[in-house]
$ cat model-v2.pdb   # PDB, C-alpha atoms
ATOM      1  CA  MET D   1      66.128 157.379 -24.172
ATOM      2  CA  ARG D   2      66.243 159.861 -21.328
ATOM      3  CA  VAL D   3      68.721 160.315 -18.475
ATOM      4  CA  ILE D   4      67.644 162.105 -15.293
ATOM      5  CA  PRO D   5      70.408 163.185 -12.866
ATOM      6  CA  LEU D   6      69.511 162.916  -9.190
ATOM      7  CA  PRO D   7      71.884 164.689  -6.791
ATOM      8  CA  VAL D   8      72.478 162.631  -3.622
ATOM      9  CA  ARG D   9      74.688 163.055  -0.566
ATOM     10  CA  GLU D  10      76.844 166.199  -0.707
ATOM     11  CA  ASP D  11      78.054 165.992  -4.295
ATOM     12  CA  ASN D  12      77.215 162.547  -5.720
ATOM     13  CA  TYR D  13      74.949 161.769  -8.627
ATOM     14  CA  ALA D  14      72.530 158.899  -9.023
ATOM     15  CA  TYR D  15      70.566 158.630 -12.261
ATOM     16  CA  LEU D  16      67.444 157.217 -13.801
ATOM     17  CA  LEU D  17      67.979 155.833 -17.279
ATOM     18  CA  VAL D  18      64.595 155.657 -18.997
ATOM     19  CA  ASP D  19      63.574 153.809 -22.125
ATOM     20  CA  GLU D  20      60.782 156.144 -23.143
ATOM     21  CA  SER D  21      58.773 153.854 -25.419
ATOM     22  CA  SER D  22      58.432 151.051 -22.840
ATOM     23  CA  LYS D  23      58.493 153.265 -19.708
ATOM     24  CA  LYS D  24      61.080 150.962 -18.174
ATOM     25  CA  ALA D  25      64.000 152.381 -16.232
ATOM     26  CA  ALA D  26      67.334 151.457 -14.706
ATOM     27  CA  ALA D  27      68.706 153.208 -11.628
ATOM     28  CA  VAL D  28      72.394 154.094 -11.816
ATOM     29  CA  ASP D  29      74.283 154.114  -8.489
ATOM     30  CA  PRO D  30      70.997 154.273  -6.525
ATOM     31  CA  TYR D  31      72.450 155.417  -3.207
ATOM     32  CA  ASP D  32      69.199 157.107  -2.130
ATOM     33  CA  VAL D  33      66.458 154.594  -2.893
ATOM     34  CA  PRO D  34      63.539 156.786  -1.717
ATOM     35  CA  LYS D  35      64.712 159.572  -4.034
ATOM     36  CA  ILE D  36      65.031 157.137  -6.948
ATOM     37  CA  THR D  37      61.586 155.742  -6.213
ATOM     38  CA  ALA D  38      60.003 159.200  -6.019
ATOM     39  CA  ALA D  39      61.575 160.223  -9.331
ATOM     40  CA  ALA D  40      60.335 157.040 -11.025
ATOM     41  CA  LYS D  41      56.829 157.603  -9.677
ATOM     42  CA  GLU D  42      56.806 161.192 -10.914
ATOM     43  CA  LEU D  43      57.909 160.065 -14.369
ATOM     44  CA  GLY D  44      55.507 157.124 -14.453
ATOM     45  CA  VAL D  45      58.227 154.560 -15.163
ATOM     46  CA  GLN D  46      58.919 151.046 -13.889
ATOM     47  CA  ILE D  47      62.354 150.373 -12.382
ATOM     48  CA  VAL D  48      63.617 147.000 -13.643
ATOM     49  CA  ALA D  49      67.376 147.170 -13.029
ATOM     50  CA  ALA D  50      70.270 148.936 -11.319
ATOM     51  CA  LEU D  51      73.643 149.723 -12.884
ATOM     52  CA  THR D  52      76.480 150.089 -10.372
ATOM     53  CA  THR D  53      79.563 151.898 -11.674
ATOM     54  CA  HIS D  54      81.789 150.603  -8.837
ATOM     55  CA  HIS D  55      81.747 149.358  -5.259
ATOM     56  CA  HIS D  56      82.621 152.533  -3.307
ATOM     57  CA  PHE D  57      80.009 153.095  -0.607
ATOM     58  CA  ASP D  58      78.867 156.493  -1.882
ATOM     59  CA  HIS D  59      77.880 154.803  -5.148
ATOM     60  CA  SER D  60      76.810 151.300  -4.110
ATOM     61  CA  GLY D  61      75.692 151.963  -0.533
ATOM     62  CA  GLY D  62      72.018 151.877  -1.503
ATOM     63  CA  ASN D  63      72.159 148.546  -3.316
ATOM     64  CA  LYS D  64      70.885 146.400  -0.444
ATOM     65  CA  ASP D  65      67.950 148.734   0.142
ATOM     66  CA  PHE D  66      67.348 148.773  -3.618
ATOM     67  CA  ALA D  67      67.298 144.958  -3.708
ATOM     68  CA  ALA D  68      64.780 144.909  -0.868
ATOM     69  CA  LYS D  69      62.566 147.512  -2.550
ATOM     70  CA  TYR D  70      62.835 145.982  -6.036
ATOM     71  CA  PRO D  71      63.397 142.224  -5.528
ATOM     72  CA  ASP D  72      62.723 141.419  -9.188
ATOM     73  CA  ALA D  73      65.222 143.970 -10.528
ATOM     74  CA  THR D  74      68.656 142.858 -11.702
ATOM     75  CA  ILE D  75      71.631 144.631 -10.094
ATOM     76  CA  TYR D  76      74.522 144.845 -12.551
ATOM     77  CA  GLY D  77      78.140 145.619 -11.687
ATOM     78  CA  GLY D  78      81.674 145.082 -12.922
ATOM     79  CA  SER D  79      83.126 143.697  -9.683
ATOM     80  CA  GLY D  80      82.253 141.039  -7.138
ATOM     81  CA  LYS D  81      82.713 143.738  -4.485
ATOM     82  CA  VAL D  82      79.455 145.410  -5.531
ATOM     83  CA  PRO D  83      76.845 144.835  -2.764
ATOM     84  CA  ALA D  84      73.720 142.821  -3.636
ATOM     85  CA  LEU D  85      75.175 142.040  -7.073
ATOM     86  CA  SER D  86      72.985 139.751  -9.145
ATOM     87  CA  LYS D  87      74.730 139.983 -12.536
ATOM     88  CA  LEU D  88      78.475 140.445 -13.023
ATOM     89  CA  VAL D  89      79.262 142.154 -16.329
ATOM     90  CA  LYS D  90      82.496 142.021 -18.299
ATOM     91  CA  ASP D  91      83.888 144.395 -20.874
ATOM     92  CA  GLN D  92      81.647 144.634 -23.952
ATOM     93  CA  ASP D  93      78.742 142.751 -22.337
ATOM     94  CA  GLU D  94      75.486 144.120 -23.717
ATOM     95  CA  LEU D  95      71.867 144.308 -22.644
ATOM     96  CA  LEU D  96      68.666 145.974 -23.761
ATOM     97  CA  LEU D  97      66.589 148.137 -21.446
ATOM     98  CA  GLY D  98      62.979 148.131 -22.566
ATOM     99  CA  ASP D  99      62.488 148.413 -26.311
ATOM    100  CA  ASN D 100      65.285 150.641 -27.537
ATOM    101  CA  THR D 101      67.939 151.519 -24.948
ATOM    102  CA  HIS D 102      71.133 149.640 -25.681
ATOM    103  CA  ILE D 103      73.605 149.304 -22.786
ATOM    104  CA  ARG D 104      77.214 148.199 -23.160
ATOM    105  CA  SER D 105      79.629 147.594 -20.305
ATOM    106  CA  VAL D 106      83.034 149.206 -20.790
ATOM    107  CA  ASN D 107      85.351 147.936 -18.061
ATOM    108  CA  ARG D 108      88.343 146.397 -19.772
ATOM    109  CA  ILE D 109      90.927 148.589 -18.077
ATOM    110  CA  TYR D 110      91.836 150.748 -15.072
ATOM    111  CA  ASN D 111      91.198 148.321 -12.207
ATOM    112  CA  PRO D 112      88.541 145.806 -11.147
ATOM    113  CA  THR D 113      86.716 148.362  -8.995
ATOM    114  CA  ASN D 114      85.627 150.647 -11.827
ATOM    115  CA  SER D 115      83.528 150.181 -14.916
ATOM    116  CA  PHE D 116      81.893 152.519 -17.395
ATOM    117  CA  THR D 117      78.481 152.048 -18.966
ATOM    118  CA  PHE D 118      77.882 153.242 -22.520
ATOM    119  CA  ILE D 119      74.249 153.788 -23.484
ATOM    120  CA  GLN D 120      72.546 154.472 -26.792
ATOM    121  CA  ASP D 121      68.983 154.708 -28.072
ATOM    122  CA  ILE D 122      68.990 152.313 -31.001
ATOM    123  CA  SER D 123      65.725 153.721 -32.352
ATOM    124  CA  GLU D 124      67.196 157.210 -32.759
ATOM    125  CA  LYS D 125      70.201 157.003 -35.030
ATOM    126  CA  THR D 126      70.886 160.740 -34.734
ATOM    127  CA  GLN D 127      70.675 160.889 -30.924
ATOM    128  CA  PRO D 128      74.086 160.888 -29.220
ATOM    129  CA  GLY D 129      74.924 158.124 -26.791
ATOM    130  CA  GLY D 130      76.043 158.646 -23.240
ATOM    131  CA  VAL D 131      78.459 157.156 -20.731
ATOM    132  CA  PHE D 132      78.194 156.789 -16.953
ATOM    133  CA  THR D 133      81.765 157.245 -15.720
ATOM    134  CA  GLY D 134      81.475 156.870 -11.937
ATOM    135  CA  ASP D 135      84.717 158.000 -10.298
ATOM    136  CA  THR D 136      86.918 157.643 -13.384
ATOM    137  CA  LEU D 137      86.173 160.633 -15.612
ATOM    138  CA  PHE D 138      84.746 163.854 -14.205
ATOM    139  CA  ILE D 139      83.886 166.966 -16.179
ATOM    140  CA  GLY D 140      87.277 168.633 -16.463
ATOM    141  CA  GLY D 141      88.996 166.089 -14.217
ATOM    142  CA  SER D 142      89.631 162.484 -13.222
ATOM    143  CA  GLY D 143      89.331 160.332 -10.126
ATOM    144  CA  ARG D 144      92.108 159.970  -7.585
ATOM    145  CA  PHE D 145      93.971 156.731  -7.125
ATOM    146  CA  PHE D 146      92.512 155.173  -4.003
ATOM    147  CA  GLU D 147      92.845 151.945  -5.953
ATOM    148  CA  GLY D 148      94.923 151.466  -9.087
ATOM    149  CA  THR D 149      97.724 153.613 -10.458
ATOM    150  CA  GLY D 150      98.145 156.754 -12.502
ATOM    151  CA  HIS D 151      99.130 154.826 -15.588
ATOM    152  CA  GLU D 152      96.043 152.638 -15.281
ATOM    153  CA  MET D 153      93.962 155.800 -15.112
ATOM    154  CA  ILE D 154      95.655 157.125 -18.252
ATOM    155  CA  ARG D 155      94.705 153.946 -20.097
ATOM    156  CA  ALA D 156      91.122 154.223 -18.827
ATOM    157  CA  LEU D 157      90.798 157.804 -20.038
ATOM    158  CA  LYS D 158      92.297 156.875 -23.402
ATOM    159  CA  TYR D 159      89.734 154.088 -23.637
ATOM    160  CA  LEU D 160      86.894 156.510 -22.919
ATOM    161  CA  GLY D 161      88.400 158.744 -25.582
ATOM    162  CA  THR D 162      87.665 156.065 -28.185
ATOM    163  CA  LEU D 163      83.922 156.626 -27.740
ATOM    164  CA  PRO D 164      82.282 158.985 -30.259
ATOM    165  CA  ASP D 165      83.039 162.643 -29.533
ATOM    166  CA  SER D 166      79.300 163.283 -29.281
ATOM    167  CA  THR D 167      78.973 160.899 -26.304
ATOM    168  CA  ILE D 168      77.408 162.726 -23.347
ATOM    169  CA  VAL D 169      79.257 162.447 -20.027
ATOM    170  CA  TYR D 170      77.294 161.492 -16.904
ATOM    171  CA  ASN D 171      79.824 161.484 -14.077
ATOM    172  CA  GLY D 172      79.604 160.450 -10.451
ATOM    173  CA  HIS D 173      80.257 163.736  -8.638
ATOM    174  CA  GLU D 174      79.735 167.459  -9.049
ATOM    175  CA  TYR D 175      83.412 168.451  -8.984
ATOM    176  CA  THR D 176      83.353 170.697 -12.025
ATOM    177  CA  ALA D 177      84.101 174.036 -10.323
ATOM    178  CA  GLY D 178      87.207 172.631  -8.636
ATOM    179  CA  ASN D 179      88.330 170.935 -11.840
ATOM    180  CA  LEU D 180      87.910 174.227 -13.677
ATOM    181  CA  ALA D 181      90.236 175.966 -11.208
ATOM    182  CA  PHE D 182      92.836 173.266 -11.790
ATOM    183  CA  ALA D 183      92.501 173.495 -15.586
ATOM    184  CA  LYS D 184      92.945 177.282 -15.424
ATOM    185  CA  SER D 185      96.134 176.831 -13.399
ATOM    186  CA  ILE D 186      97.554 174.522 -16.077
ATOM    187  CA  ASP D 187      96.224 175.924 -19.341
ATOM    188  CA  PRO D 188      94.834 179.430 -18.729
ATOM    189  CA  THR D 189      94.878 180.515 -22.391
ATOM    190  CA  ASN D 190      92.940 177.495 -23.685
ATOM    191  CA  PRO D 191      89.647 178.744 -25.232
ATOM    192  CA  ALA D 192      87.974 175.467 -24.269
ATOM    193  CA  VAL D 193      88.751 176.121 -20.600
ATOM    194  CA  ARG D 194      86.993 179.458 -20.951
ATOM    195  CA  ARG D 195      83.968 177.604 -22.360
ATOM    196  CA  LEU D 196      84.044 175.346 -19.318
ATOM    197  CA  GLU D 197      84.136 178.415 -17.078
ATOM    198  CA  ASP D 198      81.012 179.761 -18.775
ATOM    199  CA  LEU D 199      79.311 176.411 -18.254
ATOM    200  CA  VAL D 200      80.130 176.395 -14.534
ATOM    201  CA  LYS D 201      78.883 179.958 -14.077
ATOM    202  CA  ALA D 202      75.578 179.158 -15.759
ATOM    203  CA  ASN D 203      74.790 175.763 -14.218
ATOM    204  CA  LYS D 204      74.704 174.368 -10.705
ATOM    205  CA  ILE D 205      74.326 170.847 -12.119
ATOM    206  CA  THR D 206      76.812 170.273 -14.936
ATOM    207  CA  THR D 207      76.523 166.528 -15.512
ATOM    208  CA  GLY D 208      74.931 165.657 -18.837
ATOM    209  CA  LEU D 209      75.886 168.995 -20.407
ATOM    210  CA  THR D 210      79.252 168.016 -21.901
ATOM    211  CA  THR D 211      80.676 165.386 -24.211
ATOM    212  CA  ILE D 212      83.736 163.218 -24.658
ATOM    213  CA  GLY D 213      84.748 165.653 -27.414
ATOM    214  CA  ASP D 214      84.633 168.525 -24.904
ATOM    215  CA  GLU D 215      86.790 166.581 -22.456
ATOM    216  CA  LYS D 216      89.437 166.091 -25.122
ATOM    217  CA  GLU D 217      89.622 169.873 -25.435
ATOM    218  CA  TRP D 218      89.589 171.038 -21.797
ATOM    219  CA  ASN D 219      90.342 168.084 -19.501
ATOM    220  CA  VAL D 220      93.982 168.170 -18.407
ATOM    221  CA  PHE D 221      94.007 164.402 -17.913
ATOM    222  CA  MET D 222      92.871 163.723 -21.465
ATOM    223  CA  ARG D 223      95.472 166.133 -22.873
ATOM    224  CA  LEU D 224      98.641 164.771 -21.315
ATOM    225  CA  THR D 225     100.610 165.044 -24.556
ATOM    226  CA  SER D 226      99.735 168.701 -25.137
ATOM    227  CA  ASP D 227     102.482 171.313 -24.733
ATOM    228  CA  ALA D 228     100.575 173.216 -22.036
ATOM    229  CA  VAL D 229     100.225 170.138 -19.826
ATOM    230  CA  ASN D 230     103.738 168.863 -20.459
ATOM    231  CA  ASP D 231     105.184 172.228 -19.449
ATOM    232  CA  ARG D 232     103.503 171.913 -16.029
ATOM    233  CA  GLY D 233     103.572 168.164 -15.544
ATOM    234  CA  ASP D 234     106.233 167.969 -12.855
ATOM    235  CA  ASP D 235     105.572 171.016 -10.711
ATOM    236  CA  GLY D 236     104.800 170.910  -7.010
ATOM    237  CA  TYR D 237     101.101 171.640  -7.394
ATOM    238  CA  HIS D 238     100.497 168.236  -8.930
ATOM    239  CA  ARG D 239     102.475 166.392  -6.274
ATOM    240  CA  LYS D 240     100.647 168.249  -3.501
ATOM    241  CA  HIS D 241      97.224 167.388  -4.941
ATOM    242  CA  ASN D 242      98.016 163.743  -5.761
ATOM    243  CA  TYR D 243      97.667 164.132  -9.519
ATOM    244  CA  GLY D 244     100.260 161.479 -10.183
ATOM    245  CA  CYS D 245      99.051 160.613 -13.657
ATOM    246  CA  LEU D 246     100.509 163.899 -14.882
ATOM    247  CA  ALA D 247     103.725 161.949 -15.067
ATOM    248  CA  LYS D 248     104.778 161.027 -18.590
ATOM    249  CA  PRO D 249     102.332 158.494 -20.047
ATOM    250  CA  GLU D 250     103.582 155.013 -20.788
ATOM    251  CA  GLU D 251     104.208 154.332 -24.434
TER     252      GLU D 251
END
$ encode --input "model-v2.pdb" --output "structure tokens"
Amino acid sequence: MRVIPLPVREDNYAYLLVDESSKKAAAVDPYDVPKITAAAKELGVQIVAALTTHHHFDHSGGNKDFAAKYPDATIYGGSGKVPALSKLVKDQDELLLGDNTHIRSVNRIYNPTNSFTFIQDISEKTQPGGVFTGDTLFIGGSGRFFEGTGHEMIRALKYLGTLPDSTIVYNGHEYTAGNLAFAKSIDPTNPAVRRLEDLVKANKITTGLTTIGDEKEWNVFMRLTSDAVNDRGDDGYHRKHNYGCLAKPEE
């Protein structure tokens, strides 16, 4: 199994998910179909599907062009709002890409617009899995609440936290530098935040370089019960920046 990040628009990510033994691939949020096609050609792989994390235009806006370019490919999504949808998936639905790449839909919570896709190479027992998180979990941050509520987001992040700590995070935007600044304002003495700072300094593209275990250590929104976050949870910075889920989590 191989995941290739493809920067699109100003800060979005599309991806190619490749099953290496069969040379079959799925495009994830294929906003820029020519770029996806060029990457597949360079890698010598056949695109057979698209995985859409959610319906927002900057993620699903290429679906109709994708369907026209690849009429035999299945377009998967967790909501009927996804353009050109050919297969609606529910939480825990599973499929196999090629010979060995196992895909599981994880969309039980948050709201109907978002889903997460957990992937694992079933031929390589020691290889960590990965998760495409769309606009829900970012490296060091979380999505804003254009749809849904803060408490729904908390439940979504807790759900992602049940994945193995070794799970690699493939998020939908390159927001890591801004999320780092926020984390430093909340928890400046956290050694994990300093590790995140080193990562940002060394890499322009940070997706695919961190894990769910890392997020539990440095992501403010996955550490809402920690003393450092609780001490800052009600200050004006959070209200100004619409980080409403820093309110006390529901029991």
$ resolve_selection --input "model-v2.pdb" --expression "the PyMOL selection byres ((chain D and resi 90-107) around 7)" --output "NGL selection string"
:D and (1 or 19 or 21-22 or 24 or 78 or 88-89 or 108-109 or 114-123)
$ atom_distance --input "model-v2.pdb" --atom1 "CA of Val33 in chain D" --atom2 "CA of Ala50 in chain D"
10.8 Å
$ closest_residue --input "model-v2.pdb" --among "D:Ser166, D:Thr74, D:Thr149, D:Asn171" --to "Thr53 in chain D" --atoms "all atoms listed in the file"
D:Asn171
$ closest_residue --input "model-v2.pdb" --among "D:Pro30, D:Pro191, D:Gly130, D:Gly80" --to "Ile47 in chain D" --atoms "only C-alpha atoms"
D:Pro30
$ resolve_selection --input "model-v2.pdb" --expression "the PyMOL selection byres ((chain D and resi 165) around 10)" --output "number ranges by chain"
D: 128-129, 160-164, 166-168, 211-216
$ build_atoms --input "model-v2.pdb" --residues "range 14-39 of chain D" --atoms "N, CA and C atoms" --output "short mmCIF file (atom, residue, chain, number, x, y, z; two decimals), in the coordinates of the input"
data_model
loop_
_atom_site.label_atom_id
_atom_site.label_comp_id
_atom_site.auth_asym_id
_atom_site.auth_seq_id
_atom_site.Cartn_x
_atom_site.Cartn_y
_atom_site.Cartn_z
N ALA D 14 73.19 160.10 -8.55
CA ALA D 14 72.53 158.90 -9.02
C ALA D 14 71.77 159.31 -10.28
N TYR D 15 71.28 158.32 -11.02
CA TYR D 15 70.57 158.63 -12.26
C TYR D 15 69.41 157.65 -12.46
N LEU D 16 68.42 158.11 -13.21
CA LEU D 16 67.44 157.22 -13.80
C LEU D 16 67.67 157.21 -15.30
N LEU D 17 67.87 156.03 -15.84
CA LEU D 17 67.98 155.83 -17.28
C LEU D 17 66.65 155.26 -17.75
N VAL D 18 65.96 156.01 -18.62
CA VAL D 18 64.60 155.66 -19.00
C VAL D 18 64.52 155.30 -20.48
N ASP D 19 63.95 154.15 -20.76
CA ASP D 19 63.57 153.81 -22.12
C ASP D 19 62.16 154.34 -22.33
N GLU D 20 62.04 155.39 -23.12
CA GLU D 20 60.78 156.14 -23.14
C GLU D 20 59.62 155.38 -23.78
N SER D 21 59.88 154.54 -24.76
CA SER D 21 58.77 153.85 -25.42
C SER D 21 58.14 152.80 -24.52
N SER D 22 58.95 152.11 -23.71
CA SER D 22 58.43 151.05 -22.84
C SER D 22 58.14 151.53 -21.42
N LYS D 23 58.64 152.73 -21.07
CA LYS D 23 58.49 153.26 -19.71
C LYS D 23 59.21 152.40 -18.67
N LYS D 24 60.26 151.72 -19.11
CA LYS D 24 61.08 150.96 -18.17
C LYS D 24 62.35 151.75 -17.88
N ALA D 25 62.87 151.56 -16.67
CA ALA D 25 64.00 152.38 -16.23
C ALA D 25 65.02 151.55 -15.46
N ALA D 26 66.26 152.00 -15.54
CA ALA D 26 67.33 151.46 -14.71
C ALA D 26 67.86 152.58 -13.81
N ALA D 27 68.10 152.26 -12.55
CA ALA D 27 68.71 153.21 -11.63
C ALA D 27 70.21 153.04 -11.68
N VAL D 28 70.93 154.13 -11.77
CA VAL D 28 72.39 154.09 -11.82
C VAL D 28 72.93 154.60 -10.48
N ASP D 29 73.74 153.78 -9.81
CA ASP D 29 74.28 154.11 -8.49
C ASP D 29 73.19 154.64 -7.56
N PRO D 30 72.18 153.80 -7.27
CA PRO D 30 71.00 154.27 -6.52
C PRO D 30 71.24 154.36 -5.02
N TYR D 31 72.10 155.28 -4.62
CA TYR D 31 72.45 155.42 -3.21
C TYR D 31 71.23 155.76 -2.36
N ASP D 32 70.38 156.65 -2.86
CA ASP D 32 69.20 157.11 -2.13
C ASP D 32 67.96 156.48 -2.78
N VAL D 33 67.55 155.33 -2.27
CA VAL D 33 66.46 154.59 -2.89
C VAL D 33 65.13 155.35 -2.83
N PRO D 34 64.78 156.00 -1.71
CA PRO D 34 63.54 156.79 -1.72
C PRO D 34 63.52 157.88 -2.78
N LYS D 35 64.66 158.52 -3.01
CA LYS D 35 64.71 159.57 -4.03
C LYS D 35 64.55 158.98 -5.43
N ILE D 36 65.18 157.84 -5.67
CA ILE D 36 65.03 157.14 -6.95
C ILE D 36 63.57 156.74 -7.17
N THR D 37 62.97 156.20 -6.13
CA THR D 37 61.59 155.74 -6.21
C THR D 37 60.64 156.90 -6.49
N ALA D 38 60.86 158.03 -5.81
CA ALA D 38 60.00 159.20 -6.02
C ALA D 38 60.14 159.73 -7.44
N ALA D 39 61.37 159.74 -7.96
CA ALA D 39 61.58 160.22 -9.33
C ALA D 39 60.89 159.30 -10.34
#
